[in-house]
Amino acid sequence: MLKHRRLRYSSLAAAGVAAAFLVTGCSMEDAICSNGEYPVKAVGGTTGSACVPDDEEPPKGYVRYPKGKVPEHVDDKWDKYWSTVVVDENGNVVKD
């Protein structure tokens, strides 16, 4: 009987942890930036990015991603795309 109670409490605890992740919106994916920050792309290369506080402009040598094309998680669709593209100082894609 004692063994069944332990199993039941363990199952309830695991279910509670899983529910907490769902309720709080936690994700198992790695976010590109923390809350209060947005990602920027380095000009002139396929690599290079940074996170900037929401209330600041991108530093020199970086540009904002276009709306709707902002990477949110590591290896998501836009993270993969932007790692293959070079942009100029205006954020325009540079063609080969």
# chains A, B, ... in the order shown; residues from 1 in each chain; ligands from 1
$ residues_around --residues "Asp54 in chain A" --least-positions-apart "3" --cutoff "10 Å" --atoms "only C-alpha atoms" --output "number ranges by chain"
A: 35-39, 51, 57-58
$ write_last_selection --atoms "C-alpha atoms" --output "PDB file, in the first residue's frame"
ATOM      1  CA  ASN A  35      12.622  39.255 -21.954  1.00  0.00           C
ATOM      2  CA  GLY A  36      13.035  42.973 -22.514  1.00  0.00           C
ATOM      3  CA  GLU A  37      15.449  42.474 -25.411  1.00  0.00           C
ATOM      4  CA  TYR A  38      15.234  42.054 -29.162  1.00  0.00           C
ATOM      5  CA  PRO A  39      17.694  40.418 -31.583  1.00  0.00           C
ATOM      6  CA  CYS A  51      20.471  41.214 -28.159  1.00  0.00           C
ATOM      7  CA  GLU A  57      18.518  51.331 -30.937  1.00  0.00           C
ATOM      8  CA  PRO A  58      20.849  48.732 -32.474  1.00  0.00           C
TER       9      PRO A  58
END
$ residues_around --residues "Pro71 in chain A" --least-positions-apart "2" --cutoff "9 Å" --atoms "only C-alpha atoms" --output "PyMOL selection string"
chain A and resi 31-32+39+65+68-69+73-82
$ residues_around --residues "Asn92 in chain A" --least-positions-apart "6" --cutoff "10 Å" --atoms "only C-alpha atoms" --output "list in words"
Val43, Val63, Tyr65, Pro66, Val85 and Val86 of chain A
$ atom_distance --atom1 "CA of Val87 in chain A" --atom2 "CA of Pro53 in chain A"
21.3 Å
$ atom_distance --atom1 "CA of Thr84 in chain A" --atom2 "CA of Glu56 in chain A"
26.2 Å
$ select_by_dssp --residues "range 44-92 of chain A" --states "strand (DSSP E)" --output "list in words"
Ser49, Ala50, Cys51, Val52, Pro53, Tyr62, Val63 and Arg64 of chain A
$ closest_residue --among "A:Glu29, A:Glu72, A:Ser83, A:Lys67" --to "Gly45 in chain A" --atoms "only C-alpha atoms"
A:Ser83
$ atom_distance --atom1 "CA of Val70 in chain A" --atom2 "CA of Asp30 in chain A"
14.6 Å
$ closest_residue --among "A:Pro59, A:Lys41, A:Thr46, A:Val52" --to "Gly91 in chain A" --atoms "only C-alpha atoms"
A:Lys41
